[in-house]
Amino acid sequence: MSFSDLKDLYKQVILDHSKHPRNYGVIEDSYKLEMLNPSCGDKITVSMCIENNIITDIKFIGTGCSISLASASMLTEELKGLSVEKANEKIKDFLNMIMGTEYDADNLEDSISLENISKLPARVKCATLAWKITEKILEENKNS
């Protein structure tokens, strides 16, 4: 597959997640956190259920650009069913990828399609918003 074909495929994956977000909604009686990206107005709320250290369900709602919505959709698909430890590893790899530092590409699924966001500094906050919210929820859950 050529680099051009790969870029087109990644673009299609991002657009699909943006137009048809997975796990969109709110989980009642769950851990919830909302954050706003003031630089562009993205607003995302992530809610999740954690039972026996496993993310049994995770959803999001929000408004924003296609990058933030696609990234949140990818996050929910990739973390559902994982242990908190594995979820934290995946979050770390994703954030490292977006920041342009070392990461394990094998640990990422559709979210690998956002790899080139590291070259667009204005979009980094858009891509990382849902992941940072989830990281904070997991950190707060660890302490409770």
# chains A, B, ... in the order shown; residues from 1 in each chain; ligands from 1
call {"tool": "select_by_dssp", "arguments": {"residues": "chain A", "states": "strand (DSSP E)", "output": "VMD selection string"}}
result
chain A and resid 31 to 37 42 to 51 54 to 63
call {"tool": "write_last_selection", "arguments": {"atoms": "N, CA and C atoms", "output": "compact mmCIF listing (two decimals), in the first residue's frame"}}
result
# COMPACT_ATOMS: atom_id res chain seq x y z
N TYR A 31 -18.83 7.06 36.48
CA TYR A 31 -17.82 8.11 36.58
C TYR A 31 -17.99 8.99 35.35
N LYS A 32 -18.09 10.32 35.58
CA LYS A 32 -18.27 11.26 34.47
C LYS A 32 -17.34 12.43 34.65
N LEU A 33 -16.84 12.94 33.55
CA LEU A 33 -16.03 14.15 33.59
C LEU A 33 -16.18 14.88 32.27
N GLU A 34 -16.35 16.20 32.36
CA GLU A 34 -16.47 17.04 31.18
C GLU A 34 -15.30 18.00 31.15
N MET A 35 -14.76 18.20 29.96
CA MET A 35 -13.70 19.20 29.79
C MET A 35 -13.97 19.98 28.52
N LEU A 36 -13.44 21.19 28.51
CA LEU A 36 -13.60 22.10 27.39
C LEU A 36 -12.22 22.46 26.85
N ASN A 37 -12.12 22.52 25.55
CA ASN A 37 -10.91 23.01 24.89
C ASN A 37 -11.21 24.45 24.49
N ASP A 42 -14.23 22.86 21.60
CA ASP A 42 -14.62 21.46 21.78
C ASP A 42 -15.03 21.24 23.23
N LYS A 43 -16.12 20.50 23.42
CA LYS A 43 -16.59 20.17 24.76
C LYS A 43 -16.99 18.70 24.75
N ILE A 44 -16.30 17.91 25.56
CA ILE A 44 -16.52 16.47 25.59
C ILE A 44 -16.77 16.03 27.03
N THR A 45 -17.74 15.13 27.20
CA THR A 45 -17.98 14.47 28.48
C THR A 45 -17.80 12.98 28.27
N VAL A 46 -16.97 12.37 29.09
CA VAL A 46 -16.76 10.92 29.05
C VAL A 46 -17.40 10.34 30.30
N SER A 47 -18.14 9.25 30.13
CA SER A 47 -18.69 8.52 31.28
C SER A 47 -18.28 7.06 31.14
N MET A 48 -17.98 6.44 32.28
CA MET A 48 -17.56 5.04 32.21
C MET A 48 -17.91 4.29 33.48
N CYS A 49 -18.10 2.99 33.29
CA CYS A 49 -18.31 2.06 34.40
C CYS A 49 -17.05 1.22 34.54
N ILE A 50 -16.58 1.11 35.76
CA ILE A 50 -15.42 0.27 36.06
C ILE A 50 -15.85 -0.74 37.11
N GLU A 51 -15.72 -2.01 36.77
CA GLU A 51 -16.07 -3.08 37.71
C GLU A 51 -14.91 -4.06 37.78
N ILE A 54 -11.99 -3.41 35.52
CA ILE A 54 -12.22 -3.53 34.08
C ILE A 54 -13.19 -2.42 33.65
N ILE A 55 -12.88 -1.77 32.52
CA ILE A 55 -13.80 -0.78 31.97
C ILE A 55 -14.90 -1.56 31.24
N THR A 56 -16.03 -1.69 31.91
CA THR A 56 -17.11 -2.50 31.35
C THR A 56 -17.95 -1.72 30.34
N ASP A 57 -17.98 -0.39 30.47
CA ASP A 57 -18.68 0.43 29.50
C ASP A 57 -18.06 1.82 29.50
N ILE A 58 -18.06 2.45 28.35
CA ILE A 58 -17.53 3.81 28.22
C ILE A 58 -18.26 4.49 27.07
N LYS A 59 -18.70 5.72 27.32
CA LYS A 59 -19.42 6.50 26.31
C LYS A 59 -18.97 7.94 26.38
N PHE A 60 -19.34 8.69 25.37
CA PHE A 60 -19.04 10.12 25.38
C PHE A 60 -20.18 10.89 24.72
N ILE A 61 -20.27 12.15 25.09
CA ILE A 61 -21.13 13.10 24.39
C ILE A 61 -20.30 14.36 24.21
N GLY A 62 -20.69 15.16 23.26
CA GLY A 62 -19.96 16.40 23.10
C GLY A 62 -20.21 17.08 21.78
N THR A 63 -19.59 18.23 21.69
CA THR A 63 -19.63 19.02 20.48
C THR A 63 -18.20 19.43 20.17
call {"tool": "residues_around", "arguments": {"residues": "Asn88 in chain A", "least_positions_apart": "6", "cutoff": "12 Å", "atoms": "only C-alpha atoms", "output": "NGL selection string"}}
result
:A and (53-55 or 75 or 78-79 or 82 or 94-95 or 107 or 131-139 or 142)
call {"tool": "select_by_dssp", "arguments": {"residues": "range 5-144 of chain A", "states": "helix (DSSP H, G or I)", "output": "MDAnalysis selection string"}}
result
chainID A and resid 5:19 66:79 84:99 105:107 110:119 121:142
call {"tool": "closest_atom_pairs", "arguments": {"of": "range 3-74 of chain A", "to": "range 120-127 of chain A", "cutoff": "6 Å", "atoms": "only C-alpha atoms", "output": "JSON lines"}}
result
{"residue": "A:Ile67", "atom": "CA", "partner": "A:Ala127", "partner_atom": "CA", "distance": 5.7}
{"residue": "A:Ser68", "atom": "CA", "partner": "A:Cys126", "partner_atom": "CA", "distance": 4.6}
{"residue": "A:Ser71", "atom": "CA", "partner": "A:Ala127", "partner_atom": "CA", "distance": 5.6}
call {"tool": "atom_distance", "arguments": {"atom1": "CA of Asp104 in chain A", "atom2": "CA of Lys86 in chain A"}}
result
12.6 Å
call {"tool": "closest_residue", "arguments": {"among": "A:Met99, A:Pro21, A:Gly64, A:Ser111", "to": "Pro38 in chain A", "atoms": "only C-alpha atoms"}}
result
A:Gly64
call {"tool": "residues_around", "arguments": {"residues": "Tyr103 in chain A", "least_positions_apart": "4", "cutoff": "8 Å", "atoms": "only C-alpha atoms", "output": "ChimeraX atom specification"}}
result
/A:92-94,96-97
call {"tool": "write_last_selection", "arguments": {"atoms": "C-alpha atoms", "output": "PDB file, in the first residue's frame"}}
result
ATOM      1  CA  LYS A  92      -0.002   6.806  27.278  1.00  0.00           C
ATOM      2  CA  ASP A  93       0.862   5.422  23.831  1.00  0.00           C
ATOM      3  CA  PHE A  94      -1.804   7.575  22.173  1.00  0.00           C
ATOM      4  CA  ASN A  96       2.959  10.029  23.139  1.00  0.00           C
ATOM      5  CA  MET A  97       2.051   9.464  19.478  1.00  0.00           C
TER       6      MET A  97
END
call {"tool": "closest_residue", "arguments": {"among": "A:Thr76, A:Asn141, A:Ser66, A:Asn52", "to": "Asn23 in chain A", "atoms": "only C-alpha atoms"}}
result
A:Thr76
